[in-house]
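Note: the block below is upload.csv and it holds CSV, C-alpha atoms.
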chain,number,residue,atom,x,y,z
A,1,MET,CA,0.0,0.0,0.0
A,2,GLU,CA,1.2,3.5,-0.9
A,3,ALA,CA,-1.7,5.8,0.1
A,4,VAL,CA,-4.6,6.3,2.5
A,5,ILE,CA,-7.5,8.4,1.4
A,6,PHE,CA,-10.0,9.8,3.9
A,7,ASP,CA,-13.6,11.0,3.5
A,8,LEU,CA,-14.3,14.3,5.2
A,9,ASP,CA,-17.6,14.4,7.0
A,10,GLY,CA,-17.8,11.7,9.7
A,11,VAL,CA,-14.2,10.6,9.2
A,12,VAL,CA,-11.9,13.7,9.4
A,13,VAL,CA,-14.4,15.9,11.2
A,14,ASP,CA,-17.5,15.1,13.2
A,15,THR,CA,-20.2,17.0,11.5
A,16,GLU,CA,-22.9,14.4,11.0
A,17,LYS,CA,-25.3,15.8,13.7
A,18,HIS,CA,-24.9,19.3,12.4
A,19,TRP,CA,-25.5,18.4,8.7
A,20,ASN,CA,-28.3,16.2,9.7
A,21,ARG,CA,-30.1,19.1,11.3
A,22,ALA,CA,-29.3,21.4,8.4
A,23,GLU,CA,-30.3,18.9,5.7
A,24,LYS,CA,-33.7,18.3,7.3
A,25,GLU,CA,-34.3,22.0,6.9
A,26,ILE,CA,-33.0,22.1,3.3
A,27,TYR,CA,-35.1,19.1,2.2
A,28,ARG,CA,-38.2,20.5,3.9
A,29,GLU,CA,-37.7,23.9,2.1
A,30,ALA,CA,-36.9,22.1,-1.2
A,31,THR,CA,-39.8,19.6,-1.2
A,32,GLY,CA,-42.3,20.7,1.3
A,33,SER,CA,-41.9,17.2,2.9
A,34,GLU,CA,-40.1,15.7,5.8
A,35,VAL,CA,-37.1,13.7,4.4
A,36,ASP,CA,-34.8,11.6,6.5
A,37,PRO,CA,-31.2,12.7,5.7
A,38,ASP,CA,-29.9,9.3,6.4
A,39,ARG,CA,-31.4,7.9,3.2
A,40,LEU,CA,-29.2,10.3,1.2
A,41,ALA,CA,-26.1,10.2,3.4
A,42,GLY,CA,-22.8,10.5,1.6
A,43,MET,CA,-24.2,11.5,-1.8
A,44,SER,CA,-22.9,14.5,-3.6
A,45,ILE,CA,-25.2,17.5,-3.7
A,46,THR,CA,-25.9,16.9,-7.4
A,47,ASN,CA,-26.9,13.3,-6.8
A,48,THR,CA,-28.9,14.3,-3.8
A,49,TYR,CA,-30.9,16.8,-5.8
A,50,GLU,CA,-31.6,14.3,-8.6
A,51,LYS,CA,-32.7,11.7,-6.1
A,52,LEU,CA,-35.1,14.1,-4.4
A,53,CYS,CA,-36.5,15.0,-7.9
A,54,GLU,CA,-37.2,11.3,-8.5
A,55,ASP,CA,-39.0,10.9,-5.2
A,56,PHE,CA,-40.6,14.3,-4.5
A,57,ASP,CA,-42.0,17.4,-6.2
A,58,VAL,CA,-38.9,19.6,-5.8
A,59,GLU,CA,-39.8,23.3,-5.6
A,60,VAL,CA,-36.4,24.8,-6.2
A,61,SER,CA,-33.8,24.8,-9.0
A,62,ARG,CA,-30.5,23.0,-8.8
A,63,GLU,CA,-28.7,26.3,-8.3
A,64,GLU,CA,-31.1,27.3,-5.5
A,65,PHE,CA,-30.6,23.9,-3.8
A,66,PHE,CA,-26.8,24.3,-3.9
A,67,GLU,CA,-27.1,27.8,-2.4
A,68,MET,CA,-29.1,26.3,0.5
A,69,TYR,CA,-26.1,24.1,1.3
A,70,GLU,CA,-23.6,26.8,0.7
A,71,SER,CA,-25.4,29.2,3.1
A,72,ARG,CA,-24.9,26.6,5.9
A,73,ALA,CA,-21.5,25.2,5.1
A,74,GLU,CA,-19.4,27.9,6.7
A,75,GLU,CA,-21.2,27.7,10.0
A,76,VAL,CA,-21.0,23.9,10.1
A,77,TYR,CA,-17.3,23.7,9.2
A,78,CYS,CA,-15.9,26.8,10.8
A,79,GLU,CA,-17.9,26.9,14.0
A,80,LYS,CA,-19.4,23.5,14.8
A,81,ALA,CA,-17.2,20.8,13.3
A,82,GLU,CA,-14.9,18.9,15.6
A,83,LEU,CA,-11.7,17.2,14.5
A,84,MET,CA,-11.9,13.4,14.9
A,85,GLU,CA,-9.9,12.2,17.9
A,86,GLY,CA,-6.2,11.8,17.1
A,87,LEU,CA,-6.7,12.5,13.4
A,88,LYS,CA,-3.7,14.9,13.0
A,89,GLU,CA,-1.4,12.6,14.8
A,90,PHE,CA,-2.6,9.6,12.8
A,91,ILE,CA,-1.9,11.4,9.5
A,92,GLN,CA,1.5,12.3,10.7
A,93,GLU,CA,2.3,8.7,11.7
A,94,LEU,CA,1.2,7.6,8.2
A,95,ARG,CA,3.4,10.3,6.6
A,96,ASP,CA,6.4,9.2,8.7
A,97,LEU,CA,5.9,5.7,7.2
A,98,GLY,CA,6.2,7.2,3.7
A,99,LEU,CA,2.5,7.0,2.8
A,100,LEU,CA,0.7,9.5,0.7
A,101,ILE,CA,-2.5,11.0,2.3
A,102,GLY,CA,-5.6,12.0,0.2
A,103,LEU,CA,-9.0,13.5,0.9
A,104,ALA,CA,-12.0,12.5,-1.3
A,105,THR,CA,-15.2,14.2,-0.3
A,106,GLY,CA,-18.7,14.8,-1.6
A,107,SER,CA,-18.5,18.3,0.0
A,108,TYR,CA,-17.6,21.4,-1.9
A,109,TRP,CA,-16.0,23.1,1.1
A,110,PRO,CA,-13.1,21.0,2.5
A,111,GLY,CA,-11.0,24.2,2.5
A,112,TYR,CA,-12.8,25.5,5.6
A,113,VAL,CA,-11.7,22.4,7.5
A,114,ILE,CA,-8.2,22.2,6.1
A,115,ASP,CA,-7.5,25.9,7.0
A,116,ARG,CA,-9.2,25.8,10.4
A,117,PHE,CA,-7.4,22.7,11.6
A,118,ASP,CA,-4.2,23.2,9.7
A,119,LEU,CA,-4.4,19.9,7.9
A,120,ASP,CA,-2.1,18.7,5.1
A,121,PHE,CA,-3.1,16.4,2.3
A,122,ASP,CA,-1.1,15.3,-0.8
A,123,ALA,CA,-4.3,15.4,-2.9
A,124,VAL,CA,-7.8,16.8,-2.3
A,125,VAL,CA,-10.8,16.0,-4.5
A,126,ASP,CA,-14.2,17.5,-3.7
A,127,SER,CA,-17.4,17.6,-5.7
A,128,GLY,CA,-16.4,20.8,-7.4
A,129,ASP,CA,-13.5,18.9,-9.0
A,130,VAL,CA,-15.7,16.1,-10.4
A,131,ASP,CA,-16.9,16.5,-14.0
A,132,GLY,CA,-20.2,14.7,-13.7
A,133,LYS,CA,-21.7,12.9,-10.7
A,134,GLY,CA,-19.9,12.5,-7.4
A,135,LYS,CA,-20.4,9.9,-4.8
A,136,PRO,CA,-21.7,7.1,-5.0
A,137,GLU,CA,-20.2,7.2,-8.5
A,138,PRO,CA,-16.5,6.2,-8.5
A,139,GLU,CA,-15.1,9.4,-10.0
A,140,THR,CA,-14.3,11.1,-6.7
A,141,TYR,CA,-12.0,8.3,-5.5
A,142,ARG,CA,-10.7,7.6,-9.0
A,143,MET,CA,-9.5,11.2,-9.3
A,144,ALA,CA,-7.9,11.0,-5.8
A,145,VAL,CA,-5.7,8.1,-6.7
A,146,GLU,CA,-4.8,9.7,-10.0
A,147,SER,CA,-3.8,12.9,-8.2
A,148,LEU,CA,-1.7,10.9,-5.8
A,149,GLY,CA,-0.1,9.0,-8.7
A,150,VAL,CA,-0.9,5.6,-7.3
A,151,ASP,CA,-2.8,2.6,-8.6
A,152,PRO,CA,-6.2,1.9,-6.9
A,153,GLU,CA,-5.1,-1.4,-5.5
A,154,ASP,CA,-2.2,0.4,-3.7
A,155,ALA,CA,-4.6,2.7,-1.8
A,156,VAL,CA,-7.0,2.1,1.1
A,157,ALA,CA,-10.0,4.4,1.6
A,158,VAL,CA,-11.8,5.3,4.9
A,159,ASP,CA,-15.4,6.3,4.5
A,160,ASP,CA,-18.5,6.3,6.7
A,161,THR,CA,-21.4,6.1,4.3
A,162,GLU,CA,-22.6,3.5,1.8
A,163,ALA,CA,-22.5,6.0,-1.0
A,164,GLY,CA,-18.9,6.8,-0.2
A,165,VAL,CA,-17.9,3.2,0.1
A,166,ALA,CA,-19.6,2.5,-3.2
A,167,SER,CA,-17.5,5.3,-4.8
A,168,ALA,CA,-14.3,3.9,-3.3
A,169,LYS,CA,-14.9,0.3,-4.2
A,170,GLY,CA,-16.1,1.3,-7.7
A,171,ALA,CA,-12.8,3.0,-8.2
A,172,GLY,CA,-11.0,-0.3,-7.2
A,173,LEU,CA,-9.9,0.7,-3.6
A,174,TYR,CA,-10.1,-1.5,-0.5
A,175,CYS,CA,-12.5,0.4,1.8
A,176,ILE,CA,-12.7,0.5,5.6
A,177,GLY,CA,-16.2,1.6,6.8
A,178,TYR,CA,-15.9,3.9,9.8
A,179,SER,CA,-18.8,4.4,12.2
A,180,GLU,CA,-17.2,6.2,15.1
A,181,SER,CA,-19.3,9.4,14.8
A,182,GLY,CA,-22.5,7.6,15.6
A,183,GLY,CA,-24.0,6.8,12.3
A,184,ASP,CA,-24.9,3.4,10.9
A,185,ALA,CA,-22.0,1.3,9.7
A,186,PRO,CA,-21.8,1.1,5.9
A,187,SER,CA,-22.8,-2.5,5.1
A,188,ASN,CA,-21.0,-2.5,1.7
A,189,ALA,CA,-17.5,-1.9,3.2
A,190,ASP,CA,-14.7,-4.5,3.0
A,191,GLU,CA,-14.6,-4.2,6.8
A,192,VAL,CA,-16.0,-1.9,9.5
A,193,VAL,CA,-14.3,-0.3,12.5
A,194,ASP,CA,-16.0,1.7,15.2
A,195,SER,CA,-13.2,3.6,17.1
A,196,PRO,CA,-10.1,5.7,16.3
A,197,LYS,CA,-8.0,3.0,18.0
A,198,LEU,CA,-9.3,0.2,15.8
A,199,LEU,CA,-9.0,2.4,12.7
A,200,ARG,CA,-5.4,3.1,13.4
A,201,GLU,CA,-4.6,-0.6,14.0
A,202,ARG,CA,-6.3,-1.8,10.9
A,203,VAL,CA,-4.8,0.8,8.6
A,204,PHE,CA,-1.3,0.0,9.9
A,205,GLU,CA,-2.0,-3.7,9.4
A,206,ILE,CA,-3.3,-3.2,5.8
A,207,VAL,CA,-0.5,-1.0,4.7
A,208,GLY,CA,2.0,-3.5,6.0
A,209,ARG,CA,3.9,-1.2,8.3

Starting from the file, lay out its structure as structure tokens.
Amino acid sequence: MEAVIFDLDGVVVDTEKHWNRAEKEIYREATGSEVDPDRLAGMSITNTYEKLCEDFDVEVSREEFFEMYESRAEEVYCEKAELMEGLKEFIQELRDLGLLIGLATGSYWPGYVIDRFDLDFDAVVDSGDVDGKGKPEPETYRMAVESLGVDPEDAVAVDDTEAGVASAKGAGLYCIGYSESGGDAPSNADEVVDSPKLLRERVFEIVGR
């Protein structure tokens, strides 16, 4: 293994409860209905909008829907997000072993988190970089491994949603499902861990260090 690629929400930062509350409001404004955010967890905003259009009478345009997210993103990431326990130290340990570190997220605003917590990644791919559909389609993780200059089989992904896991596995990566932030464990992951300690142990075992 040459690289470890992390998802953002629920893996690098604990934002699930904050986005859950915000998305309930967004979906209510967009559809006039109560929609459970968990059913759309991990999807890119584009795919979320299209899924809502399939299931509900959406009352806003795609651009208006994006603006609803954007208006809440700074508050979530700059004021409410909490860095996952031991994350910076974990990244440094991986770097010390010579591994490349990537970020592959369905968010459009990872810069808020990177700047706030002074994080360092060798490659960052967000939904704004993806030409077409983001998670659960494989392009987000495919672009991440290409940016890192490694083959998919030489990278391990860490993601906390079924959409994210589908993206990673569709791109050919081994994927650890992470459920520490309190959400349901992604059933389609190659394996699941539920604590920072177990995540650290399994990643080190998988990368062979």

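Here CA of Arg28 (chain A) stands at a distance of 27.7 Å from CA of Ser187 (chain A).
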
Between A:Thr48, A:Asn188, A:Ser147, A:Thr140, which residue has the minimum interatomic distance to Thr161 (chain A), considering all atoms listed in the file?
A:Asn188

Report the distance between CA of Pro152 (chain A) and CA of Ala171 (chain A) in Å, rounded to one decimal place.
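CA of Ala171 (chain A) lies at a distance of 6.8 Å from CA of Pro152 (chain A).
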
Expressed in Å, the length from CA of Asp55 (chain A) to CA of Tyr27 (chain A) is 11.7 Å

Near-Arg142 (chain A) list (10 Å; only C-alpha atoms; drop same-chain fewer than 6 positions) as a list in words
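So the residues in contact are Ala104, Val125, Val130, Asp151, Pro152, Ser167, Ala168, Lys169, Gly170, Ala171, Gly172 and Leu173 of chain A.
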
Return the single residue from A:Arg209, A:Lys51, A:Lys135, A:Lys80 that is closest to Val113 (chain A), with distances computed using all atoms listed in the file.
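Ranked by minimum distance to Val113 (chain A), first place goes to A:Lys80.
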
Using only C-alpha atoms, pick whichever of A:Tyr49, A:Tyr178, A:Tyr141, A:Trp19 has the shortest atom-to-atom distance to Leu198 (chain A).
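Looking only at the distances to Leu198 (chain A), the closest residue turns out to be A:Tyr178.
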
Residue nearest Glu2 (chain A) among A:Glu201, A:Gly164, A:Leu148, A:Cys175 (counting all atoms listed in the file)
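With all atoms listed in the file as the atom set, the closest residue is A:Leu148.
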
Contacts of region 87-92 of chain A at 9 Å (only C-alpha atoms; same-chain gap of 3+ positions) as JSON, numbers by chain
{"A": [11, 12, 13, 83, 84, 95, 96, 97, 101, 117, 118, 119, 120, 121, 196, 200]}

If I put a ball of radius 12 Å at (-23.9, 3.0, 13.3) in the file's coordinates, which residues poke into it when counting only C-alpha atoms, written as number ranges by chain?
A: 10, 16, 38, 160-162, 177-187, 192-195

Which residues are near Ile206 (chain A)? Cut-off 10 Å, all atoms listed in the file, ignore same chain within fewer than 2 positions. Put them as an mmCIF file with C-alpha atoms, in the coordinates of the input.
data_model
loop_
_atom_site.group_PDB
_atom_site.id
_atom_site.type_symbol
_atom_site.label_atom_id
_atom_site.label_comp_id
_atom_site.auth_asym_id
_atom_site.auth_seq_id
_atom_site.Cartn_x
_atom_site.Cartn_y
_atom_site.Cartn_z
ATOM 1 C CA MET A 1 0.000 0.000 0.000
ATOM 2 C CA ALA A 155 -4.600 2.700 -1.800
ATOM 3 C CA VAL A 156 -7.000 2.100 1.100
ATOM 4 C CA TYR A 174 -10.100 -1.500 -0.500
ATOM 5 C CA GLU A 201 -4.600 -0.600 14.000
ATOM 6 C CA ARG A 202 -6.300 -1.800 10.900
ATOM 7 C CA VAL A 203 -4.800 0.800 8.600
ATOM 8 C CA PHE A 204 -1.300 0.000 9.900
ATOM 9 C CA GLY A 208 2.000 -3.500 6.000
ATOM 10 C CA ARG A 209 3.900 -1.200 8.300
#

With only C-alpha atoms as the basis for distance, which of A:Met143, A:Ile26, A:Cys53, A:Tyr77 is at the shortest distance from Asp131 (chain A)?
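Distance minimum relative to Asp131 (chain A) lands on A:Met143.
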
Looking at A:Ala189, A:Glu54, A:Gly102, A:Thr46, which one is nearest to Tyr69 (chain A), with distances taken over all atoms listed in the file?
A:Thr46
